[in-house]
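Enquirer: File protein-v1.tsv below, TSV, N, CA and C atoms:
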chain	number	residue	atom	x	y	z
A	30	MET	N	-16.04	0.37	2.03
A	30	MET	CA	-14.60	0.52	1.92
A	30	MET	C	-14.17	1.89	2.43
A	31	TYR	N	-14.89	2.94	2.06
A	31	TYR	CA	-14.48	4.28	2.45
A	31	TYR	C	-14.46	4.44	3.98
A	32	GLU	N	-15.43	3.84	4.64
A	32	GLU	CA	-15.51	3.96	6.09
A	32	GLU	C	-14.32	3.30	6.78
A	33	ARG	N	-13.85	2.20	6.24
A	33	ARG	CA	-12.76	1.43	6.86
A	33	ARG	C	-11.41	2.12	6.74
A	34	CYS	N	-11.26	3.02	5.76
A	34	CYS	CA	-9.97	3.69	5.57
A	34	CYS	C	-10.07	5.20	5.77
A	35	GLN	N	-11.13	5.65	6.41
A	35	GLN	CA	-11.36	7.07	6.59
A	35	GLN	C	-10.17	7.75	7.29
A	36	GLY	N	-9.68	8.81	6.68
A	36	GLY	CA	-8.59	9.58	7.25
A	36	GLY	C	-7.21	8.97	7.06
A	37	MET	N	-7.12	7.80	6.45
A	37	MET	CA	-5.83	7.14	6.28
A	37	MET	C	-5.19	7.50	4.94
A	38	ALA	N	-3.91	7.75	4.96
A	38	ALA	CA	-3.16	8.02	3.72
A	38	ALA	C	-1.68	7.93	4.06
A	39	PRO	N	-0.86	7.59	3.12
A	39	PRO	CA	-1.20	7.18	1.76
A	39	PRO	C	-1.77	5.76	1.73
A	40	LEU	N	-2.35	5.43	0.59
A	40	LEU	CA	-2.98	4.12	0.39
A	40	LEU	C	-2.48	3.48	-0.90
A	41	VAL	N	-2.38	2.16	-0.89
A	41	VAL	CA	-2.04	1.41	-2.09
A	41	VAL	C	-3.20	0.44	-2.36
A	42	LEU	N	-3.77	0.52	-3.54
A	42	LEU	CA	-4.83	-0.39	-3.99
A	42	LEU	C	-4.20	-1.41	-4.92
A	43	ILE	N	-4.37	-2.69	-4.59
A	43	ILE	CA	-3.81	-3.76	-5.42
A	43	ILE	C	-4.95	-4.69	-5.82
A	44	ILE	N	-5.06	-4.97	-7.10
A	44	ILE	CA	-6.13	-5.81	-7.65
A	44	ILE	C	-5.51	-6.97	-8.41
A	45	LYS	N	-6.04	-8.17	-8.18
A	45	LYS	CA	-5.71	-9.32	-9.03
A	45	LYS	C	-6.98	-9.65	-9.79
A	46	SER	N	-6.87	-9.67	-11.11
A	46	SER	CA	-8.04	-9.92	-11.95
A	46	SER	C	-8.21	-11.41	-12.24
A	47	ALA	N	-9.38	-11.75	-12.74
A	47	ALA	CA	-9.65	-13.13	-13.15
A	47	ALA	C	-8.74	-13.54	-14.30
A	48	ASP	N	-8.14	-12.56	-14.97
A	48	ASP	CA	-7.19	-12.82	-16.06
A	48	ASP	C	-5.78	-13.04	-15.53
A	49	HIS	N	-5.63	-13.09	-14.19
A	49	HIS	CA	-4.35	-13.33	-13.51
A	49	HIS	C	-3.36	-12.18	-13.64
A	50	ASN	N	-3.87	-10.97	-13.88
A	50	ASN	CA	-3.02	-9.79	-13.92
A	50	ASN	C	-3.13	-9.07	-12.59
A	51	VAL	N	-2.04	-8.41	-12.18
A	51	VAL	CA	-2.01	-7.67	-10.92
A	51	VAL	C	-1.67	-6.22	-11.24
A	52	PHE	N	-2.48	-5.30	-10.72
A	52	PHE	CA	-2.31	-3.88	-11.01
A	52	PHE	C	-2.98	-3.07	-9.93
A	53	GLY	N	-2.81	-1.76	-9.97
A	53	GLY	CA	-3.44	-0.95	-8.95
A	53	GLY	C	-3.08	0.51	-9.03
A	54	ALA	N	-3.19	1.18	-7.86
A	54	ALA	CA	-2.97	2.62	-7.79
A	54	ALA	C	-2.42	2.99	-6.42
A	55	PHE	N	-1.71	4.11	-6.40
A	55	PHE	CA	-1.22	4.71	-5.17
A	55	PHE	C	-1.95	6.02	-4.98
A	56	PHE	N	-2.52	6.22	-3.79
A	56	PHE	CA	-3.24	7.45	-3.47
A	56	PHE	C	-2.53	8.14	-2.30
A	57	ALA	N	-2.08	9.35	-2.51
A	57	ALA	CA	-1.44	10.11	-1.44
A	57	ALA	C	-2.48	10.71	-0.49
A	58	ASP	N	-3.71	10.84	-0.97
A	58	ASP	CA	-4.78	11.46	-0.19
A	58	ASP	C	-5.75	10.42	0.36
A	59	PRO	N	-6.38	10.72	1.50
A	59	PRO	CA	-7.41	9.81	2.01
A	59	PRO	C	-8.58	9.70	1.03
A	60	LEU	N	-9.19	8.53	0.97
A	60	LEU	CA	-10.38	8.33	0.14
A	60	LEU	C	-11.60	8.78	0.93
A	61	CYS	N	-12.48	9.49	0.26
A	61	CYS	CA	-13.74	9.89	0.89
A	61	CYS	C	-14.78	10.05	-0.20
A	62	VAL	N	-16.03	9.88	0.16
A	62	VAL	CA	-17.11	10.00	-0.81
A	62	VAL	C	-17.30	11.47	-1.15
A	63	ARG	N	-17.18	11.77	-2.43
A	63	ARG	CA	-17.43	13.11	-2.95
A	63	ARG	C	-18.39	12.95	-4.12
A	64	ILE	N	-19.11	13.99	-4.39
A	64	ILE	CA	-20.09	13.91	-5.48
A	64	ILE	C	-19.65	14.79	-6.63
A	65	SER	N	-19.44	14.15	-7.78
A	65	SER	CA	-19.16	14.83	-9.05
A	65	SER	C	-17.96	15.76	-9.03
A	66	CYS	N	-16.86	15.34	-8.39
A	66	CYS	CA	-15.65	16.15	-8.48
A	66	CYS	C	-14.41	15.26	-8.33
A	67	PHE	N	-13.38	15.62	-9.05
A	67	PHE	CA	-12.08	14.96	-8.91
A	67	PHE	C	-11.29	15.67	-7.83
A	68	TYR	N	-10.38	14.96	-7.20
A	68	TYR	CA	-9.49	15.54	-6.20
A	68	TYR	C	-8.20	14.73	-6.18
A	69	GLY	N	-7.28	15.12	-5.34
A	69	GLY	CA	-6.03	14.40	-5.20
A	69	GLY	C	-4.83	15.22	-5.63
A	70	THR	N	-3.65	14.66	-5.40
A	70	THR	CA	-2.41	15.34	-5.73
A	70	THR	C	-1.67	14.58	-6.83
A	71	GLY	N	-0.67	15.22	-7.38
A	71	GLY	CA	0.13	14.62	-8.43
A	71	GLY	C	1.00	13.47	-7.98
A	72	GLU	N	0.97	13.15	-6.69
A	72	GLU	CA	1.68	11.97	-6.21
A	72	GLU	C	0.95	10.69	-6.55
A	73	THR	N	-0.31	10.78	-6.93
A	73	THR	CA	-1.12	9.63	-7.32
A	73	THR	C	-0.54	9.01	-8.59
A	74	PHE	N	-0.52	7.68	-8.65
A	74	PHE	CA	-0.08	7.01	-9.87
A	74	PHE	C	-0.76	5.66	-10.02
A	75	LEU	N	-0.76	5.14	-11.24
A	75	LEU	CA	-1.25	3.80	-11.55
A	75	LEU	C	-0.04	2.90	-11.78
A	76	PHE	N	-0.24	1.60	-11.63
A	76	PHE	CA	0.86	0.67	-11.88
A	76	PHE	C	0.35	-0.71	-12.26
A	77	THR	N	1.23	-1.47	-12.88
A	77	THR	CA	0.99	-2.88	-13.12
A	77	THR	C	2.14	-3.65	-12.47
A	78	VAL	N	1.82	-4.83	-11.97
A	78	VAL	CA	2.84	-5.74	-11.43
A	78	VAL	C	3.05	-6.87	-12.42
A	79	SER	N	1.93	-7.40	-12.92
A	79	SER	CA	2.00	-8.43	-13.96
A	79	SER	C	0.89	-8.16	-14.96
A	80	PRO	N	1.09	-8.41	-16.22
A	80	PRO	CA	2.16	-9.23	-16.77
A	80	PRO	C	3.52	-8.54	-16.80
A	81	ILE	N	3.59	-7.21	-16.90
A	81	ILE	CA	4.87	-6.49	-16.94
A	81	ILE	C	4.81	-5.33	-15.95
A	82	PRO	N	5.78	-5.21	-15.03
A	82	PRO	CA	5.76	-4.08	-14.08
A	82	PRO	C	5.99	-2.73	-14.77
A	83	VAL	N	5.03	-1.83	-14.59
A	83	VAL	CA	5.12	-0.48	-15.16
A	83	VAL	C	4.48	0.49	-14.18
A	84	LYS	N	5.09	1.66	-14.02
A	84	LYS	CA	4.52	2.74	-13.20
A	84	LYS	C	4.10	3.87	-14.13
A	85	TYR	N	2.87	4.35	-13.97
A	85	TYR	CA	2.34	5.44	-14.78
A	85	TYR	C	2.14	6.67	-13.89
A	86	ASN	N	3.04	7.63	-14.01
A	86	ASN	CA	2.98	8.86	-13.21
A	86	ASN	C	2.00	9.85	-13.81
A	87	TRP	N	1.62	10.82	-13.00
A	87	TRP	CA	0.76	11.91	-13.43
A	87	TRP	C	1.46	12.71	-14.52
A	88	THR	N	0.76	13.01	-15.60
A	88	THR	CA	1.35	13.70	-16.76
A	88	THR	C	1.20	15.22	-16.69
A	89	HIS	N	0.48	15.74	-15.74
A	89	HIS	CA	0.20	17.18	-15.61
A	89	HIS	C	-0.77	17.68	-16.67
A	90	SER	N	-1.36	16.78	-17.46
A	90	SER	CA	-2.28	17.20	-18.53
A	90	SER	C	-3.65	17.60	-18.00
A	91	ASN	N	-4.03	17.11	-16.84
A	91	ASN	CA	-5.29	17.47	-16.20
A	91	ASN	C	-5.21	17.13	-14.71
A	92	ARG	N	-6.27	17.41	-13.98
A	92	ARG	CA	-6.30	17.14	-12.53
A	92	ARG	C	-7.30	16.02	-12.22
A	93	TYR	N	-7.54	15.10	-13.15
A	93	TYR	CA	-8.50	14.01	-12.96
A	93	TYR	C	-7.82	12.86	-12.23
A	94	LEU	N	-7.47	13.08	-10.98
A	94	LEU	CA	-6.70	12.09	-10.23
A	94	LEU	C	-7.58	11.07	-9.53
A	95	LEU	N	-8.42	11.49	-8.61
A	95	LEU	CA	-9.32	10.58	-7.89
A	95	LEU	C	-10.75	11.03	-8.03
A	96	TYR	N	-11.63	10.06	-8.21
A	96	TYR	CA	-13.06	10.33	-8.31
A	96	TYR	C	-13.76	9.26	-7.49
A	97	THR	N	-14.32	9.64	-6.37
A	97	THR	CA	-14.91	8.65	-5.47
A	97	THR	C	-16.37	9.02	-5.18
A	98	GLU	N	-17.24	8.13	-5.57
A	98	GLU	CA	-18.65	8.23	-5.25
A	98	GLU	C	-19.06	6.93	-4.58
A	99	GLN	N	-20.23	6.89	-4.00
A	99	GLN	CA	-20.68	5.68	-3.31
A	99	GLN	C	-20.69	4.47	-4.25
A	100	GLU	N	-20.96	4.70	-5.56
A	100	GLU	CA	-21.09	3.61	-6.52
A	100	GLU	C	-19.77	3.17	-7.15
A	101	GLN	N	-18.70	3.95	-6.97
A	101	GLN	CA	-17.45	3.61	-7.66
A	101	GLN	C	-16.26	4.35	-7.06
A	102	LEU	N	-15.10	3.82	-7.38
A	102	LEU	CA	-13.83	4.48	-7.11
A	102	LEU	C	-13.11	4.53	-8.45
A	103	ALA	N	-12.67	5.72	-8.85
A	103	ALA	CA	-12.00	5.85	-10.15
A	103	ALA	C	-10.75	6.71	-10.00
A	104	CYS	N	-9.83	6.46	-10.91
A	104	CYS	CA	-8.55	7.16	-10.90
A	104	CYS	C	-8.14	7.46	-12.33
A	105	GLY	N	-7.92	8.73	-12.64
A	105	GLY	CA	-7.50	9.12	-13.98
A	105	GLY	C	-8.65	9.27	-14.94
A	106	GLY	N	-8.49	10.15	-15.91
A	106	GLY	CA	-9.53	10.35	-16.91
A	106	GLY	C	-9.05	11.29	-17.98
A	107	GLY	N	-9.96	11.66	-18.87
A	107	GLY	CA	-9.66	12.60	-19.94
A	107	GLY	C	-9.12	11.92	-21.18
A	108	GLY	N	-9.62	12.31	-22.31
A	108	GLY	CA	-9.13	11.81	-23.58
A	108	GLY	C	-9.49	10.37	-23.88
A	109	SER	N	-10.42	9.80	-23.16
A	109	SER	CA	-10.82	8.41	-23.41
A	109	SER	C	-12.30	8.24	-23.09
A	110	VAL	N	-12.76	7.04	-23.22
A	110	VAL	CA	-14.17	6.75	-22.94
A	110	VAL	C	-14.39	6.33	-21.50
A	111	GLY	N	-13.34	6.31	-20.70
A	111	GLY	CA	-13.48	5.88	-19.32
A	111	GLY	C	-12.36	6.40	-18.45
A	112	TYR	N	-12.12	5.68	-17.39
A	112	TYR	CA	-11.11	6.05	-16.41
A	112	TYR	C	-9.85	5.19	-16.58
A	113	GLY	N	-8.74	5.67	-16.06
A	113	GLY	CA	-7.52	4.86	-16.04
A	113	GLY	C	-7.76	3.58	-15.27
A	114	LEU	N	-8.49	3.70	-14.15
A	114	LEU	CA	-8.87	2.54	-13.34
A	114	LEU	C	-10.17	2.87	-12.62
A	115	MET	N	-11.14	1.98	-12.69
A	115	MET	CA	-12.41	2.15	-12.00
A	115	MET	C	-12.86	0.81	-11.47
A	116	ILE	N	-13.32	0.80	-10.20
A	116	ILE	CA	-13.93	-0.42	-9.64
A	116	ILE	C	-15.30	-0.06	-9.07
A	117	ASP	N	-16.22	-1.01	-9.14
A	117	ASP	CA	-17.58	-0.76	-8.68
A	117	ASP	C	-17.67	-0.81	-7.16
A	118	ASP	N	-18.82	-0.42	-6.63
A	118	ASP	CA	-19.01	-0.33	-5.19
A	118	ASP	C	-18.98	-1.69	-4.49
A	119	GLU	N	-19.17	-2.76	-5.21
A	119	GLU	CA	-19.10	-4.10	-4.61
A	119	GLU	C	-17.70	-4.70	-4.72
A	120	LEU	N	-16.77	-3.95	-5.33
A	120	LEU	CA	-15.38	-4.38	-5.49
A	120	LEU	C	-15.29	-5.69	-6.27
A	121	HIS	N	-16.19	-5.86	-7.22
A	121	HIS	CA	-16.25	-7.10	-7.98
A	121	HIS	C	-15.84	-6.92	-9.44
A	122	PHE	N	-16.27	-5.82	-10.06
A	122	PHE	CA	-15.98	-5.57	-11.46
A	122	PHE	C	-15.33	-4.21	-11.64
A	123	GLY	N	-14.59	-4.07	-12.74
A	123	GLY	CA	-13.97	-2.78	-13.02
A	123	GLY	C	-13.62	-2.63	-14.47
A	124	THR	N	-13.12	-1.44	-14.80
A	124	THR	CA	-12.64	-1.15	-16.13
A	124	THR	C	-11.32	-0.40	-16.03
A	125	THR	N	-10.54	-0.47	-17.07
A	125	THR	CA	-9.30	0.26	-17.17
A	125	THR	C	-9.08	0.65	-18.62
A	126	THR	N	-8.93	1.95	-18.86
A	126	THR	CA	-8.72	2.44	-20.22
A	126	THR	C	-7.54	3.41	-20.24
A	127	ARG	N	-7.07	3.67	-21.43
A	127	ARG	CA	-6.01	4.66	-21.59
A	127	ARG	C	-6.60	6.01	-21.18
A	128	CYS	N	-5.84	6.80	-20.43
A	128	CYS	CA	-6.34	8.12	-20.03
A	128	CYS	C	-5.22	9.15	-20.10
A	129	ALA	N	-5.60	10.40	-20.30
A	129	ALA	CA	-4.63	11.49	-20.42
A	129	ALA	C	-3.92	11.77	-19.10
A	130	THR	N	-4.57	11.53	-17.98
A	130	THR	CA	-3.99	11.82	-16.67
A	130	THR	C	-2.67	11.09	-16.46
A	131	PHE	N	-2.60	9.82	-16.89
A	131	PHE	CA	-1.41	9.00	-16.66
A	131	PHE	C	-0.78	8.46	-17.95
A	132	GLU	N	-1.43	8.67	-19.09
A	132	GLU	CA	-0.98	8.10	-20.36
A	132	GLU	C	-0.66	6.61	-20.22
A	133	ASN	N	-1.54	5.92	-19.56
A	133	ASN	CA	-1.38	4.48	-19.30
A	133	ASN	C	-2.03	3.64	-20.38
A	134	GLU	N	-1.55	2.46	-20.52
A	134	GLU	CA	-2.24	1.44	-21.29
A	134	GLU	C	-3.26	0.79	-20.36
A	135	PRO	N	-4.30	0.12	-20.87
A	135	PRO	CA	-5.19	-0.61	-19.97
A	135	PRO	C	-4.36	-1.55	-19.08
A	136	LEU	N	-4.61	-1.49	-17.78
A	136	LEU	CA	-3.76	-2.16	-16.80
A	136	LEU	C	-3.93	-3.67	-16.75
A	137	ASN	N	-5.05	-4.17	-17.23
A	137	ASN	CA	-5.35	-5.60	-17.15
A	137	ASN	C	-4.81	-6.34	-18.38
A	138	GLY	N	-3.52	-6.26	-18.60
A	138	GLY	CA	-2.93	-6.94	-19.75
A	138	GLY	C	-3.50	-6.49	-21.08
A	139	GLY	N	-3.92	-5.23	-21.16
A	139	GLY	CA	-4.49	-4.68	-22.39
A	139	GLY	C	-6.00	-4.82	-22.48
A	140	LYS	N	-6.61	-5.59	-21.61
A	140	LYS	CA	-8.07	-5.76	-21.61
A	140	LYS	C	-8.71	-4.65	-20.78
A	141	GLU	N	-9.81	-4.09	-21.27
A	141	GLU	CA	-10.43	-2.97	-20.59
A	141	GLU	C	-11.35	-3.37	-19.45
A	142	GLU	N	-12.03	-4.49	-19.53
A	142	GLU	CA	-12.94	-4.91	-18.46
A	142	GLU	C	-12.30	-6.03	-17.67
A	143	PHE	N	-12.59	-6.06	-16.37
A	143	PHE	CA	-12.02	-7.13	-15.55
A	143	PHE	C	-12.95	-7.47	-14.38
A	144	GLU	N	-12.74	-8.67	-13.89
A	144	GLU	CA	-13.39	-9.14	-12.67
A	144	GLU	C	-12.32	-9.21	-11.59
A	145	CYS	N	-12.61	-8.66	-10.42
A	145	CYS	CA	-11.66	-8.69	-9.30
A	145	CYS	C	-11.71	-10.06	-8.63
A	146	VAL	N	-10.58	-10.73	-8.54
A	146	VAL	CA	-10.48	-12.00	-7.82
A	146	VAL	C	-10.00	-11.71	-6.40
A	147	ASP	N	-8.99	-10.88	-6.28
A	147	ASP	CA	-8.47	-10.43	-4.99
A	147	ASP	C	-8.29	-8.92	-5.06
A	148	ILE	N	-8.55	-8.27	-3.94
A	148	ILE	CA	-8.35	-6.83	-3.87
A	148	ILE	C	-7.86	-6.48	-2.47
A	149	GLU	N	-6.85	-5.64	-2.42
A	149	GLU	CA	-6.28	-5.19	-1.14
A	149	GLU	C	-6.17	-3.69	-1.17
A	150	LEU	N	-6.51	-3.05	-0.07
A	150	LEU	CA	-6.28	-1.62	0.11
A	150	LEU	C	-5.42	-1.50	1.36
A	151	ILE	N	-4.19	-1.06	1.16
A	151	ILE	CA	-3.21	-1.03	2.24
A	151	ILE	C	-2.91	0.41	2.61
A	152	ALA	N	-3.07	0.73	3.90
A	152	ALA	CA	-2.72	2.06	4.40
A	152	ALA	C	-1.28	2.02	4.87
A	153	ILE	N	-0.51	2.99	4.44
A	153	ILE	CA	0.89	3.09	4.85
A	153	ILE	C	0.94	4.20	5.90
A	154	CYS	N	0.91	3.81	7.15
A	154	CYS	CA	0.85	4.77	8.24
A	154	CYS	C	2.15	4.78	9.01
A	155	SER	N	2.49	5.95	9.54
A	155	SER	CA	3.73	6.03	10.32
A	155	SER	C	3.45	5.83	11.80
Represent the structure of the file as structure tokens.

Expert:
Amino acid sequence: MYERCQGMAPLVLIIKSADHNVFGAFFADPLCVRISCFYGTGETFLFTVSPIPVKYNWTHSNRYLLYTEQEQLACGGGGSVGYGLMIDDELHFGTTTRCATFENEPLNGGKEEFECVDIELIAICS
């Protein structure tokens, strides 16, 4: 995934779960593999489309915006046992928990674990 969107930004990640919920994230920065560090700007946010549309903006409580390693893509963290949104390297499974970065509820209709049924990464280029 990282190779296909190298240098592209901003990006919108949209996930449809097996629970029929739609949610995702907006990344103002290009995605790239980094090891053990968060990066990104405060323009990053999480959102849900269904069951209820909600946008979760950066709270300024920390800088845990994007975390990208070969094995996962994660967004948000701090104050919880996981990330605001995380998907595995095969784009098949993920987790979503409440996090201090966005003060979000779990994006998958309140459920923390999910299976990806559909996933789209859209580059918004001028």

Enquirer: Please identify all polymer residues within 8 Å of A:Pro135, counting only N, CA and C atoms, omitting same-chain residues fewer than 2 positions from it, and present them as a ChimeraX atom specification.

Expert: /A:113-114,124-128,132-133,137-142

Enquirer: Given the choices A:Asp48, A:Asp118, A:Asp147, A:Glu98, which gets closest to A:Val62 if the distance is worked out from all atoms listed in the file?

Expert: A:Glu98

Enquirer: Calculated over all atoms listed in the file, which of the candidates A:Cys145, A:Phe76, A:Ala103, A:Cys154 has the smallest distance to A:Ser46?

Expert: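 The shortest atom-to-atom distance to A:Ser46 comes from A:Cys145.
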
Enquirer: When distances are computed from all atoms listed in the file, which of A:Glu119, A:Glu149, A:Phe131, A:Gly106 shows the smallest separation from A:Lys84?

Expert: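 Residue with the minimum atom-to-atom distance to A:Lys84: A:Phe131.
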
Enquirer: Find, counting only N, CA and C atoms, the residue in A:Glu144, A:Gly53, A:Arg63, A:Leu136 that gets nearest to A:His121.

Expert: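 That would be A:Glu144, the residue with the smallest distance to A:His121.
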
Enquirer: Within 7 Å of (-14.5, 10.0, -4.3), all atoms listed in the file: residues as a ChimeraX atom specification?

Expert: /A:60-64,66,95-99,101-103

Enquirer: By how many Å are atom CA of A:Ile44 and atom CA of A:Tyr93 apart?

Expert: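 One can read the atom CA of A:Ile44 to atom CA of A:Tyr93 distance as 20.7 Å.
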
Enquirer: Looking at only C-alpha atoms, which of A:Gly123, A:Ala38, A:His49, A:Phe56 is the one that sits closest to A:Thr77?

Expert: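 Using only C-alpha atoms, A:Thr77 sits closest to A:His49.
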
Enquirer: Measuring between all atoms listed in the file, which one of A:Gly71, A:Pro80, A:Pro39, A:Gly105 shows the shortest distance to A:Phe52?

Expert: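 When distances to A:Phe52 are compared using all atoms listed in the file, the smallest one comes from A:Pro80.
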
Enquirer: Just the strand (DSSP E) stuff from stretch 83-135 of chain A, please, per backbone DSSP, written as a list of chain:residue names.

Expert: A:Val83, A:Lys84, A:Tyr85, A:Leu95, A:Tyr96, A:Thr97, A:Glu98, A:Gln101, A:Leu102, A:Ala103, A:Cys104, A:Leu114, A:Met115, A:Ile116, A:Asp117, A:Phe122, A:Gly123, A:Thr124

Enquirer: Just to confirm, what's the straight-line distance from atom CA of A:Ile148 to atom CA of A:Leu94 in Å (one decimal)?

Expert: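 According to the coordinates, atom CA of A:Ile148 and atom CA of A:Leu94 are separated by 20.0 Å.
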
Enquirer: Any idea what the distance is between atom N of A:Val110 and atom C of A:Ile81?

Expert: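 Computing the Euclidean distance for atom N of A:Val110 and atom C of A:Ile81 yields 22.7 Å.
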
Enquirer: Show me, as a list in words, the residues that have an atom within 6 Å of A:Leu40 when counting all atoms listed in the file, minus same-chain residues fewer than 6 positions from it.

Expert: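 After dropping sequence-adjacent residues, the list is Ala54, Phe55, Phe56, Ala57, Asp58, Ile151, Ala152 and Ile153 of chain A.
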